[in-house]
>>> print(open('work20.csv').read())   # CSV, C-alpha atoms
chain,number,residue,atom,x,y,z
A,1459,ASP,CA,17.3,-1.6,-34.5
A,1460,SER,CA,17.7,-1.2,-30.7
A,1461,GLY,CA,21.2,-2.5,-30.6
A,1462,VAL,CA,20.2,-5.3,-28.3
A,1463,THR,CA,20.7,-8.8,-29.7
A,1464,GLN,CA,19.1,-12.0,-28.6
A,1465,THR,CA,19.8,-15.6,-29.7
A,1466,PRO,CA,18.2,-17.8,-30.7
A,1467,LYS,CA,15.2,-16.2,-32.3
A,1468,HIS,CA,13.1,-19.4,-32.1
A,1469,LEU,CA,13.5,-22.5,-29.9
A,1470,ILE,CA,11.4,-25.6,-29.8
A,1471,THR,CA,12.1,-28.1,-27.1
A,1472,ALA,CA,10.4,-30.8,-25.1
A,1473,THR,CA,9.1,-30.8,-21.6
A,1474,GLY,CA,11.7,-31.5,-19.0
A,1475,GLN,CA,14.5,-30.1,-21.1
A,1476,ARG,CA,16.9,-27.2,-20.3
A,1477,VAL,CA,17.6,-24.3,-22.6
A,1478,THR,CA,19.8,-21.2,-22.5
A,1479,LEU,CA,18.8,-17.9,-24.0
A,1480,ARG,CA,21.5,-15.3,-24.7
A,1481,CYS,CA,21.4,-11.5,-24.7
A,1482,SER,CA,24.0,-8.9,-25.7
A,1483,PRO,CA,23.1,-5.4,-24.5
A,1484,ARG,CA,23.6,-2.1,-26.3
A,1485,SER,CA,27.2,-1.0,-26.3
A,1486,GLY,CA,27.9,0.8,-23.0
A,1487,ASP,CA,24.7,-0.3,-21.2
A,1488,LEU,CA,25.4,-1.9,-17.8
A,1489,SER,CA,21.9,-3.0,-17.0
A,1490,VAL,CA,20.2,-6.1,-18.4
A,1491,TYR,CA,16.6,-7.1,-17.8
A,1492,TRP,CA,14.8,-10.3,-18.6
A,1493,TYR,CA,11.1,-10.4,-19.3
A,1494,GLN,CA,8.6,-13.1,-20.1
A,1495,GLN,CA,5.6,-12.4,-22.3
A,1496,SER,CA,2.8,-14.9,-22.8
A,1497,LEU,CA,-0.6,-14.4,-24.2
A,1498,ASP,CA,-2.5,-14.6,-21.0
A,1499,GLN,CA,0.0,-13.0,-18.6
A,1500,GLY,CA,1.3,-9.9,-20.3
A,1501,LEU,CA,4.8,-8.7,-19.8
A,1502,GLN,CA,6.4,-10.1,-16.7
A,1503,PHE,CA,9.6,-8.9,-15.2
A,1504,LEU,CA,11.9,-11.7,-14.3
A,1505,ILE,CA,15.3,-10.4,-13.2
A,1506,GLN,CA,17.8,-7.5,-13.6
A,1507,TYR,CA,21.6,-7.4,-13.6
A,1508,TYR,CA,23.7,-4.3,-13.3
A,1509,ASN,CA,27.4,-4.6,-14.1
A,1510,GLY,CA,27.5,-8.3,-13.3
A,1511,GLU,CA,25.5,-8.1,-10.1
A,1512,GLU,CA,21.9,-9.2,-9.5
A,1513,ARG,CA,19.9,-6.1,-8.7
A,1514,ALA,CA,16.2,-7.1,-8.7
A,1515,LYS,CA,14.1,-10.1,-9.0
A,1516,GLY,CA,10.6,-10.3,-10.2
A,1517,ASN,CA,8.3,-13.3,-10.8
A,1518,ILE,CA,11.2,-15.6,-11.7
A,1519,LEU,CA,10.6,-19.3,-11.0
A,1520,GLU,CA,13.2,-21.3,-9.1
A,1521,ARG,CA,13.7,-23.4,-12.3
A,1522,PHE,CA,15.0,-20.3,-14.0
A,1523,SER,CA,18.3,-18.6,-13.4
A,1524,ALA,CA,20.4,-16.0,-15.0
A,1525,GLN,CA,23.8,-14.4,-15.0
A,1526,GLN,CA,25.6,-11.5,-16.5
A,1527,PHE,CA,29.2,-12.0,-17.6
A,1528,PRO,CA,32.2,-9.6,-17.4
A,1529,ASP,CA,31.7,-8.6,-21.0
A,1530,LEU,CA,28.1,-7.7,-19.9
A,1531,HIS,CA,26.3,-10.2,-22.0
A,1532,SER,CA,23.7,-12.2,-20.1
A,1533,GLU,CA,22.2,-15.7,-20.2
A,1534,LEU,CA,18.8,-16.9,-19.0
A,1535,ASN,CA,18.7,-20.6,-18.2
A,1536,LEU,CA,15.4,-22.3,-18.1
A,1537,SER,CA,15.3,-25.9,-16.8
A,1538,SER,CA,12.7,-28.7,-16.2
A,1539,LEU,CA,10.6,-27.0,-18.9
A,1540,GLU,CA,6.9,-27.2,-18.8
A,1541,LEU,CA,4.3,-26.4,-21.4
A,1542,GLY,CA,3.4,-23.2,-19.6
A,1543,ASP,CA,6.9,-21.9,-20.1
A,1544,SER,CA,6.1,-21.4,-23.8
A,1545,ALA,CA,6.4,-17.6,-24.3
A,1546,LEU,CA,8.4,-14.8,-25.8
A,1547,TYR,CA,11.4,-14.0,-23.7
A,1548,PHE,CA,12.8,-10.5,-24.0
A,1549,CYS,CA,16.0,-9.0,-22.9
A,1550,ALA,CA,16.3,-5.2,-22.4
A,1551,SER,CA,19.2,-3.0,-21.5
A,1552,SER,CA,19.7,0.5,-20.2
A,1553,ASP,CA,22.6,2.7,-19.3
A,1554,ARG,CA,21.3,3.2,-15.7
A,1555,ASP,CA,20.3,1.1,-12.8
A,1556,GLY,CA,16.6,0.7,-13.0
A,1557,GLY,CA,13.6,3.0,-13.6
A,1558,TYR,CA,14.6,4.6,-16.9
A,1559,GLU,CA,14.4,4.0,-20.6
A,1560,GLN,CA,14.9,0.4,-21.6
A,1561,TYR,CA,15.9,-0.9,-25.0
A,1562,PHE,CA,14.5,-4.2,-26.0
A,1563,GLY,CA,15.9,-7.0,-28.1
A,1564,PRO,CA,13.8,-8.8,-30.7
A,1565,GLY,CA,13.0,-11.7,-28.3
A,1566,THR,CA,13.3,-15.4,-28.3
A,1567,ARG,CA,10.2,-17.4,-28.9
A,1568,LEU,CA,10.2,-20.5,-26.9
A,1569,THR,CA,7.9,-23.4,-27.6
A,1570,VAL,CA,7.7,-26.3,-25.2
A,1571,THR,CA,6.0,-29.4,-26.7
B,441,SER,CA,2.7,-6.8,-9.9
B,442,GLN,CA,1.0,-4.6,-12.5
B,443,GLN,CA,0.8,-1.0,-11.4
B,444,GLY,CA,-0.2,0.6,-14.6
B,445,GLU,CA,-3.6,-0.2,-16.1
B,446,GLU,CA,-4.2,0.9,-19.6
B,447,ASP,CA,-7.6,1.9,-20.8
B,448,PRO,CA,-9.1,0.9,-23.1
B,449,GLN,CA,-7.8,-2.6,-23.6
B,450,ALA,CA,-8.4,-2.4,-27.3
B,451,LEU,CA,-9.1,0.5,-29.7
B,452,SER,CA,-10.0,0.5,-33.3
B,453,ILE,CA,-10.1,3.8,-35.3
B,454,GLN,CA,-10.0,5.0,-38.9
B,455,GLU,CA,-6.7,6.2,-40.4
B,456,GLY,CA,-6.3,9.9,-39.9
B,457,GLU,CA,-8.2,10.0,-36.6
B,458,ASN,CA,-6.6,10.7,-33.3
B,459,ALA,CA,-6.1,7.9,-30.8
B,460,THR,CA,-6.1,8.4,-27.1
B,461,MET,CA,-5.0,5.8,-24.5
B,462,ASN,CA,-4.9,6.2,-20.8
B,463,CYS,CA,-2.8,4.7,-18.0
B,464,SER,CA,-3.6,4.8,-14.3
B,465,TYR,CA,-1.2,3.8,-11.5
B,466,LYS,CA,-1.3,3.4,-7.8
B,467,THR,CA,1.8,4.7,-6.0
B,468,SER,CA,3.9,7.8,-6.3
B,469,ILE,CA,6.3,7.7,-9.3
B,470,ASN,CA,9.6,9.1,-10.5
B,471,ASN,CA,8.7,8.8,-14.1
B,472,LEU,CA,6.2,7.3,-16.5
B,473,GLN,CA,7.1,5.8,-19.9
B,474,TRP,CA,5.2,4.7,-23.0
B,475,TYR,CA,6.4,1.9,-25.2
B,476,ARG,CA,5.0,0.4,-28.5
B,477,GLN,CA,5.1,-3.2,-29.5
B,478,ASN,CA,4.4,-4.4,-33.0
B,479,SER,CA,3.0,-7.9,-33.1
B,480,GLY,CA,5.6,-10.4,-31.8
B,481,ARG,CA,8.4,-7.9,-31.7
B,482,GLY,CA,10.4,-6.2,-29.0
B,483,LEU,CA,9.1,-3.1,-27.3
B,484,VAL,CA,10.2,0.3,-28.5
B,485,HIS,CA,10.6,3.2,-26.1
B,486,LEU,CA,8.4,6.1,-27.2
B,487,ILE,CA,8.6,8.8,-24.5
B,488,LEU,CA,9.4,9.4,-20.8
B,489,ILE,CA,7.7,12.0,-18.7
B,490,ARG,CA,9.0,12.9,-15.3
B,491,SER,CA,6.8,13.3,-12.2
B,492,ASN,CA,7.4,17.1,-12.2
B,493,GLU,CA,6.3,17.4,-15.9
B,494,ARG,CA,2.7,17.8,-17.0
B,495,GLU,CA,3.0,17.4,-20.8
B,496,LYS,CA,5.5,16.2,-23.3
B,497,HIS,CA,5.5,16.0,-27.1
B,498,SER,CA,7.4,13.9,-29.6
B,499,GLY,CA,6.4,14.2,-33.2
B,500,ARG,CA,2.7,13.1,-33.4
B,501,LEU,CA,2.8,11.9,-29.8
B,502,ARG,CA,1.6,13.9,-26.9
B,503,VAL,CA,1.8,12.6,-23.3
B,504,THR,CA,0.1,14.2,-20.3
B,505,LEU,CA,0.7,13.3,-16.7
B,506,ASP,CA,-1.7,14.2,-13.8
B,507,THR,CA,0.0,13.1,-10.6
B,508,SER,CA,-3.0,14.2,-8.5
B,509,LYS,CA,-5.1,11.7,-10.4
B,510,LYS,CA,-2.3,9.2,-10.8
B,511,SER,CA,-3.0,9.0,-14.5
B,512,SER,CA,-1.4,9.6,-17.9
B,513,SER,CA,-2.7,9.7,-21.4
B,514,LEU,CA,-1.0,9.1,-24.7
B,515,LEU,CA,-2.4,10.9,-27.8
B,516,ILE,CA,-1.4,9.9,-31.3
B,517,THR,CA,-2.5,12.5,-33.8
B,518,ALA,CA,-3.3,11.8,-37.5
B,519,SER,CA,-3.0,8.1,-37.0
B,520,ARG,CA,-1.5,5.9,-39.7
B,521,ALA,CA,-1.7,2.2,-40.5
B,522,ALA,CA,1.8,1.8,-39.2
B,523,ASP,CA,0.7,2.9,-35.7
B,524,THR,CA,-1.2,-0.4,-35.4
B,525,ALA,CA,0.5,-2.0,-32.3
B,526,SER,CA,0.1,-2.5,-28.6
B,527,TYR,CA,1.0,0.4,-26.4
B,528,PHE,CA,2.3,-0.1,-22.8
B,529,CYS,CA,2.8,2.3,-20.0
B,530,ALA,CA,5.4,1.6,-17.4
B,531,THR,CA,6.2,3.5,-14.2
B,532,GLY,CA,9.5,4.0,-12.4
B,533,SER,CA,9.2,4.5,-8.7
B,534,MET,CA,11.2,4.6,-5.5
B,535,ASP,CA,8.5,2.4,-4.0
B,536,SER,CA,9.5,-0.4,-6.4
B,537,ASN,CA,13.2,0.2,-6.0
B,538,TYR,CA,13.0,2.0,-9.4
B,539,GLN,CA,12.1,-1.2,-11.3
B,540,LEU,CA,9.6,-0.5,-14.0
B,541,ILE,CA,6.1,-1.6,-13.3
B,542,TRP,CA,4.2,-2.5,-16.5
B,543,GLY,CA,0.6,-2.2,-17.5
B,544,ALA,CA,-1.2,-4.8,-19.5
B,545,GLY,CA,-1.3,-2.7,-22.7
B,546,THR,CA,-3.8,-1.2,-25.2
B,547,LYS,CA,-4.1,-2.9,-28.5
B,548,LEU,CA,-4.6,-0.2,-31.2
B,549,ILE,CA,-5.8,-1.0,-34.7
B,550,ILE,CA,-5.8,1.6,-37.4
B,551,LYS,CA,-8.2,0.8,-40.2
B,552,PRO,CA,-7.2,2.0,-43.7
>>> encode(input="work20.csv", output="structure tokens")
Amino acid sequence: DSGVTQTPKHLITATGQRVTLRCSPRSGDLSVYWYQQSLDQGLQFLIQYYNGEERAKGNILERFSAQQFPDLHSELNLSSLELGDSALYFCASSDRDGGYEQYFGPGTRLTVT
Amino acid sequence: SQQGEEDPQALSIQEGENATMNCSYKTSINNLQWYRQNSGRGLVHLILIRSNEREKHSGRLRVTLDTSKKSSSLLITASRAADTASYFCATGSMDSNYQLIWGAGTKLIIKP
């Protein structure tokens, strides 16, 4: 158990809908990272927050947004969902700002039908 | 962008044999890390090697780093069925603002 929690574990929704994925980092970790993993794309970095501030952006679509709250939990919002958004979404946390060990949650499996 | 490239993409060996996976990268790095992912689960950090280190051990894992060749290898000795997983390398670099750059992974299958 990494200490990182993600909810929900599974999500099935229709195209055009909006969903919110939630992540609680390990106790004491200030950085939260979001990743998307699909079969044909591998692990894609989406965005990082450090102590409430956005620190880095990867291949995150404009339809996606995220935030980190004062209690350090983070939410990833996915809107106008398309079939191609079906994937595993992972949250990871670390005690430092980028470049070091990351601890991954169990993931949220999103299926868009 | 994917900096690390693992080789081979897939590897199937008998239980008890050693497994070696390689990772190549393109820019100078601060550190290189290896992670394991069991099917459909979150990645687990295995080991981190800094750019000024050449070799590191952790249990049955041995990681080497050759910065002149921009490559690393992960050796798993005396493999077990439970080692069946995908293995990813990731590099931390000032060039990428210290964001980890991930490879596509090596899928390792240990046959009983």
>>> interface_residues(input="work20.csv", of="chain B", to="chain A", cutoff="6 Å", atoms="all atoms listed in the file", output="ChimeraX atom specification")
/B:481-483,532,538-540,544
>>> residues_around(input="work20.csv", residues="Ser511 of chain B", least_positions_apart="2", cutoff="9 Å", atoms="only C-alpha atoms", output="list in words")
Gly444, Asn462, Cys463, Ser464, Tyr465, Lys466, Thr504, Leu505, Asp506, Thr507, Ser508, Lys509 and Ser513 of chain B
>>> residues_near_point(input="work20.csv", point="(9.3, 6.2, -7.1)", cutoff="10 Å", atoms="all atoms listed in the file", output="list in words")
Gly1557 of chain A; Thr467, Ser468, Ile469, Asn470, Asn471, Leu472, Ser491, Thr531, Gly532, Ser533, Met534, Asp535, Ser536, Asn537, Tyr538, Gln539 and Leu540 of chain B
>>> residues_near_point(input="work20.csv", point="(-0.3, 13.4, -30.2)", cutoff="9 Å", atoms="all atoms listed in the file", output="number ranges by chain")
B: 458-460, 497-503, 514-518
>>> atom_distance(input="work20.csv", atom1="atom CA of Ser1537 of chain A", atom2="atom CA of Gln1475 of chain A")
6.1 Å
>>> closest_residue(input="work20.csv", among="B:Gln473, B:Asn492, B:Gln454, B:Gln449", to="Trp542 of chain B", atoms="all atoms listed in the file")
B:Gln473
>>> atom_distance(input="work20.csv", atom1="atom CA of Leu1541 of chain A", atom2="atom CA of Phe1527 of chain A")
29.0 Å
>>> atom_distance(input="work20.csv", atom1="atom CA of Asp1543 of chain A", atom2="atom CA of Thr1465 of chain A")
17.3 Å
>>> residues_around(input="work20.csv", residues="Pro1528 of chain A", least_positions_apart="5", cutoff="12 Å", atoms="all atoms listed in the file", output="MDAnalysis selection string")
chainID A and resid 1482 1488 1507:1511
>>> residues_around(input="work20.csv", residues="Thr1569 of chain A", least_positions_apart="2", cutoff="10 Å", atoms="all atoms listed in the file", output="list of chain:residue names")
A:His1468, A:Leu1469, A:Ile1470, A:Thr1471, A:Ala1472, A:Thr1473, A:Leu1539, A:Glu1540, A:Leu1541, A:Gly1542, A:Asp1543, A:Ser1544, A:Ala1545, A:Leu1546, A:Thr1566, A:Arg1567, A:Thr1571
>>> closest_residue(input="work20.csv", among="A:Leu1519, A:Leu1530, A:Val1477, A:Leu1504", to="Val1570 of chain A", atoms="only C-alpha atoms")
A:Val1477
>>> axis_aligned_box(input="work20.csv", around="segment 475-487 of chain B", padding_each_side="5 Å", output="AutoDock Vina command-line options")
--center_x 6.8 --center_y -0.8 --center_z -28.8 --size_x 17.6 --size_y 29.2 --size_z 18.6
>>> residues_around(input="work20.csv", residues="Thr524 of chain B", least_positions_apart="5", cutoff="6 Å", atoms="only C-alpha atoms", output="mmCIF file with C-alpha atoms, keeping the file's coordinate frame")
data_model
loop_
_atom_site.group_PDB
_atom_site.id
_atom_site.type_symbol
_atom_site.label_atom_id
_atom_site.label_comp_id
_atom_site.auth_asym_id
_atom_site.auth_seq_id
_atom_site.Cartn_x
_atom_site.Cartn_y
_atom_site.Cartn_z
ATOM 1 C CA LEU B 548 -4.600 -0.200 -31.200
ATOM 2 C CA ILE B 549 -5.800 -1.000 -34.700
ATOM 3 C CA ILE B 550 -5.800 1.600 -37.400
#
>>> build_atoms(input="work20.csv", residues="segment 1459-1492 of chain A", atoms="N, CA and C atoms", output="compact mmCIF listing (two decimals), in the coordinates of the input")
# COMPACT_ATOMS: atom_id res chain seq x y z
N ASP A 1459 16.41 -0.67 -35.16
CA ASP A 1459 17.30 -1.60 -34.50
C ASP A 1459 17.73 -1.01 -33.13
N SER A 1460 17.40 -1.71 -32.02
CA SER A 1460 17.70 -1.20 -30.70
C SER A 1460 19.15 -1.31 -30.31
N GLY A 1461 19.87 -2.19 -30.97
CA GLY A 1461 21.20 -2.50 -30.60
C GLY A 1461 21.36 -3.62 -29.60
N VAL A 1462 20.24 -4.16 -29.15
CA VAL A 1462 20.20 -5.30 -28.30
C VAL A 1462 20.01 -6.56 -29.12
N THR A 1463 20.86 -7.55 -28.93
CA THR A 1463 20.70 -8.80 -29.70
C THR A 1463 20.36 -9.95 -28.80
N GLN A 1464 19.55 -10.84 -29.34
CA GLN A 1464 19.10 -12.00 -28.60
C GLN A 1464 19.26 -13.23 -29.52
N THR A 1465 19.75 -14.32 -28.96
CA THR A 1465 19.80 -15.60 -29.70
C THR A 1465 19.35 -16.71 -28.81
N PRO A 1466 18.72 -17.76 -29.36
CA PRO A 1466 18.20 -17.80 -30.70
C PRO A 1466 16.94 -17.04 -30.89
N LYS A 1467 16.45 -16.92 -32.10
CA LYS A 1467 15.20 -16.20 -32.30
C LYS A 1467 14.01 -17.17 -31.99
N HIS A 1468 14.17 -18.43 -32.32
CA HIS A 1468 13.10 -19.40 -32.10
C HIS A 1468 13.78 -20.63 -31.42
N LEU A 1469 13.03 -21.27 -30.54
CA LEU A 1469 13.50 -22.50 -29.90
C LEU A 1469 12.33 -23.38 -29.63
N ILE A 1470 12.45 -24.61 -30.09
CA ILE A 1470 11.40 -25.60 -29.80
C ILE A 1470 12.06 -26.74 -29.08
N THR A 1471 11.48 -27.09 -27.96
CA THR A 1471 12.10 -28.10 -27.10
C THR A 1471 10.98 -28.91 -26.43
N ALA A 1472 11.36 -29.98 -25.78
CA ALA A 1472 10.40 -30.80 -25.10
C ALA A 1472 10.29 -30.56 -23.63
N THR A 1473 9.20 -30.98 -23.03
CA THR A 1473 9.10 -30.80 -21.60
C THR A 1473 10.19 -31.53 -20.87
N GLY A 1474 10.62 -30.93 -19.76
CA GLY A 1474 11.70 -31.50 -19.00
C GLY A 1474 13.09 -31.10 -19.39
N GLN A 1475 13.20 -30.49 -20.55
CA GLN A 1475 14.50 -30.10 -21.10
C GLN A 1475 15.00 -28.79 -20.46
N ARG A 1476 16.24 -28.45 -20.79
CA ARG A 1476 16.90 -27.20 -20.30
C ARG A 1476 17.37 -26.43 -21.51
N VAL A 1477 17.16 -25.11 -21.49
CA VAL A 1477 17.60 -24.30 -22.60
C VAL A 1477 18.32 -23.03 -22.02
N THR A 1478 19.13 -22.43 -22.85
CA THR A 1478 19.80 -21.20 -22.50
C THR A 1478 19.55 -20.14 -23.54
N LEU A 1479 19.09 -18.99 -23.09
CA LEU A 1479 18.80 -17.90 -24.00
C LEU A 1479 19.95 -16.83 -23.73
N ARG A 1480 20.39 -16.21 -24.81
CA ARG A 1480 21.50 -15.30 -24.70
C ARG A 1480 21.13 -13.89 -25.13
N CYS A 1481 21.73 -12.91 -24.46
CA CYS A 1481 21.40 -11.50 -24.70
C CYS A 1481 22.72 -10.70 -24.71
N SER A 1482 22.89 -9.86 -25.72
CA SER A 1482 24.00 -8.90 -25.70
C SER A 1482 23.37 -7.49 -25.63
N PRO A 1483 23.70 -6.71 -24.60
CA PRO A 1483 23.10 -5.40 -24.50
C PRO A 1483 23.68 -4.39 -25.46
N ARG A 1484 23.05 -3.22 -25.51
CA ARG A 1484 23.60 -2.10 -26.30
C ARG A 1484 24.99 -1.79 -25.81
N SER A 1485 25.82 -1.33 -26.71
CA SER A 1485 27.20 -1.00 -26.30
C SER A 1485 27.13 0.11 -25.23
N GLY A 1486 27.81 -0.15 -24.14
CA GLY A 1486 27.90 0.80 -23.00
C GLY A 1486 26.83 0.64 -21.97
N ASP A 1487 25.76 -0.14 -22.25
CA ASP A 1487 24.70 -0.30 -21.20
C ASP A 1487 25.18 -1.35 -20.19
N LEU A 1488 24.97 -1.01 -18.93
CA LEU A 1488 25.40 -1.90 -17.80
C LEU A 1488 24.28 -2.75 -17.29
N SER A 1489 23.04 -2.30 -17.49
CA SER A 1489 21.90 -3.00 -17.00
C SER A 1489 21.28 -3.95 -18.02
N VAL A 1490 20.94 -5.15 -17.59
CA VAL A 1490 20.20 -6.10 -18.40
C VAL A 1490 19.00 -6.59 -17.67
N TYR A 1491 17.87 -6.61 -18.36
CA TYR A 1491 16.60 -7.10 -17.80
C TYR A 1491 16.09 -8.22 -18.62
N TRP A 1492 15.47 -9.18 -17.94
CA TRP A 1492 14.80 -10.30 -18.60
C TRP A 1492 13.30 -10.21 -18.34
